[in-house]
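A.B. asks: Input: one structure, supplied below.
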Amino acid sequence: MPILKNIGFLATCKEEGGQGAIHPIRNAAVAWKEETIQWAGKETNIPDTYAEYEPVDAGGKMVIPGLIDCHTHLAFGGWRSDEFTMRVKGKSYLDIAKTGGGILSTVRGTRNASEEELYKKASSFLEKMSALGVTTVECKSGYGLSVKEELKILRVYRRLSETHPMHIVSTFLGAHAIPPEYEGDREGYIDLVIEEMIPAVSGEDLAEFCDVFTEESAFSVRESRRILFAAQVAGLTPKIHADQLTSCGGGELAAELKAASADHLEKISDNGIEAMADAGVVGVMLPLASLYTQEKPLNCRKLVEGGVKVAVATDFNPGSAPSYNLPLAMMLSCNQGRLTPEEALKGATIYAAKALNRDHELGSIEKGKSADFAVINAPNPNFWIYHFQPNDCIMTVSKGEVTHS
Ligand code: NIG
Ligand code: FE
C-alpha cells in the first residue's frame, strides 16, 4: 500500500468555502489502499498505521486531485481541419454548418467508422489526457444520430470504462443535430429520440446522463424540455448545451429540470444565472470552444458572484474544440473567463465532479474518496497556471494505480 510523501503543496480541493477555497496543506502526505484514499494530512502527523506503507516521493512538488474533464465528445470519426482554416478566414461556425459541414460532417465520418476504430482512436486520446493529469472523462455520443449508431458510440465508452484505469462517465446526446434522413421532419426525429433511442440507451444501461444541444439552430427550449423530461423518466439525468451562440433560455431550462449542469453559457442571461444558482445547477465553462469559434468568452466572475459553481472542461470535439488539453482550458478560464488559478482548479476537480453527480467519490483528496492524483511540477496553482508549459504533470495516479510517470 503506497504513501505519497514530500508533497510541498497539497491542494485538497474540499468542497466547502466557495470557488476559490482549495484547502491546501503544506509538507503533506497521502496514503491509499487499492482504489481508496485512507489518510491525507501533514507529513509530521502521519499515524502509525501508515508507517509501513510503501513511500512514493513527490519531490517537494504540488499534488492536486486527478483532473476531471466533465464535457467531451470523445469518440468521433475523421477530423475537420478544413473548417479551422475557414473560420480563421472569417466564416462562422453556423455558416459552415449550414453548408453541410459542422456536426453533420462528423456524423458521416463516425457512421463510416467501425466500433473498433472508434475505440482505438478514443483510447489513444485517453492515454494522452492521463499524461496531463486527467483521471475522469465525461464522454458524449451525438455523432451517430440513429439508434444503431448512437449505441455504437456508447458501447465504445462502455468498453473504455472496462479497459482503462480512468473513470469514464457516459452521456447520451442523440439531440445534437437533426440527421440528413430526417431533414424536414424534426418531429419525426424527436419522436425517434424519445420513443426508441432513450429506451434503448437506458435499457442497456449505456449512459448516466442525457444532454441536448439547446440552440436556435439545433433544438428549441420546448423540444429540449420534451426530450429531457422523457430521459428523466427513463432514469437519465439532464445536462444541457445552453446559451452558446444565442441567449435562448437554456440556463433557465436547466434550472427548471434540475439538470446536473448547463454548459457553454457564453450568452446566458441574468435571469438564467439567478435560476441556475437557486436550483444548484453547475455552470460549465468551455473556453476552448469560444476560442476556436471566435465567440466572446464567458465571464465566469458574473456566475461566481451570482452564486453559481463553475466547472471548467475542454469540450473536446473535432469541430469547435479540437484539443483535449484541460490545463490549457484552465489557463483560458483565467485569462478569458477571469477565474483565479485556485478557482479554475476547483472548477476542474470538485465542481467538475459535481457536474457529473460524482462529488461523493471524486474531485478532492479526502479519506474515502477515489485515489486519483496528479503530481505537478509547480509550487502552487498560481505559478502552475501562470507559467503555462506543455505538460507540468510528473505523475498521474488513477484509481490507485500510477498511469503516467
Ligand atoms: O459543444 N455545440 C454543440 N456541440 C459541440 C460541437 C460539436 C461539433 O462542432 O462537432 C460543442 O461545441
Ligand atoms: Fe459540447
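Lettering and numbering for the C-alpha cells are positional, with chains as A, B, ... in the shown order, residues counted from 1 in each chain, and ligands counted from 1 in the shown order.
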Please give the complete set of residues from region 204-324 of chain A that DSSP, run on the backbone, assigns to strand (DSSP E), formatted as a ChimeraX atom specification.
C.D. replies: /A:209-214,237-242,261-264,282-285,310-312
A.B. asks: Please find the residues contacting ligand 2 at a distance of at most 12 Å between atoms, with only C-alpha atoms and all ligand atoms counted, and report them as a PyMOL selection string.
C.D. replies: chain A and resi 69-74+103+138-143+171-173+175-176+211-214+239-244+262-265+284-290+313-322
A.B. asks: Ranking A:Glu34, A:Glu342, A:Glu215, A:Asp48 by minimum distance to ligand 1 and counting only C-alpha atoms and all ligand atoms, which one comes first?
C.D. replies: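 When distances to ligand 1 are compared using only C-alpha atoms and all ligand atoms, the smallest one comes from A:Glu215.
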A.B. asks: So that I can see what lies close to region 204-210 of chain A, please list as a ChimeraX atom specification the residues with an atom at most 10 Å from it, counting only C-alpha atoms and leaving out residues fewer than 6 positions away in the same chain.
C.D. replies: /A:138-141,151,153-158,169-175,198,227-232,235-240,259-260,356-357
A.B. asks: Write out as a ChimeraX atom specification which residues come within 12 Å of Gly133 (chain A) when counting only C-alpha atoms, dropping same-chain ones fewer than 3 positions away.
C.D. replies: /A:63-69,126-130,136-137,166,324-327,348-349,372-377,391-398,402-405
A.B. asks: What is the distance, in Å and to one decimal place, between CA of Leu118 (chain A) and CA of Thr85 (chain A)?
C.D. replies: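 Value for the CA of Leu118 (chain A)-CA of Thr85 (chain A) distance: 25.2 Å.
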A.B. asks: Would you mind telling me which residue in A:Lys5, A:Lys14, A:Lys267, A:Lys89 lies nearest to Ser364 (chain A) when using only C-alpha atoms?
C.D. replies: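 Closest candidate: A:Lys14.
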A.B. asks: Find, counting only C-alpha atoms and all ligand atoms, the residue in A:Lys152, A:Arg108, A:His360, A:His23 that gets nearest to ligand 1.
C.D. replies: A:Arg108
A.B. asks: Which is closest to ligand 1 among A:Tyr182, A:Tyr93, A:Phe125, A:Tyr386, if we use only C-alpha atoms and all ligand atoms?
C.D. replies: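 Ranked by minimum distance to ligand 1, first place goes to A:Tyr93.
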A.B. asks: I'd like the neighbourhood of Gln19 (chain A) as a list of chain:residue names, where a residue qualifies if any of its atoms comes within 7 Å (using only C-alpha atoms), though same-chain residues fewer than 5 positions away should be ignored.
C.D. replies: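 Surrounding residues, per the criterion: A:Lys309, A:Glu343, A:Lys346.
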A.B. asks: Store the residues picked out above, limited to C-alpha atoms, as a tab-separated table (two decimals), in the first residue's frame.
C.D. replies:
```tsv
chain	number	residue	atom	x	y	z
A	309	LYS	CA	-20.50	26.88	-9.01
A	343	GLU	CA	-10.93	28.88	-8.76
A	346	LYS	CA	-11.73	23.82	-8.13
```
A.B. asks: Would you mind telling me which residue in A:Pro297, A:Gly368, A:Gly283, A:Gly184 lies nearest to Asn335 (chain A) when using only C-alpha atoms?
C.D. replies: A:Pro297
A.B. asks: Taking into account only C-alpha atoms and all ligand atoms, which residue in the set A:Asn380, A:Ser161, A:Thr44, A:Ser105 is nearest to ligand 1?
C.D. replies: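 The answer is A:Ser105, which sits nearest to ligand 1.
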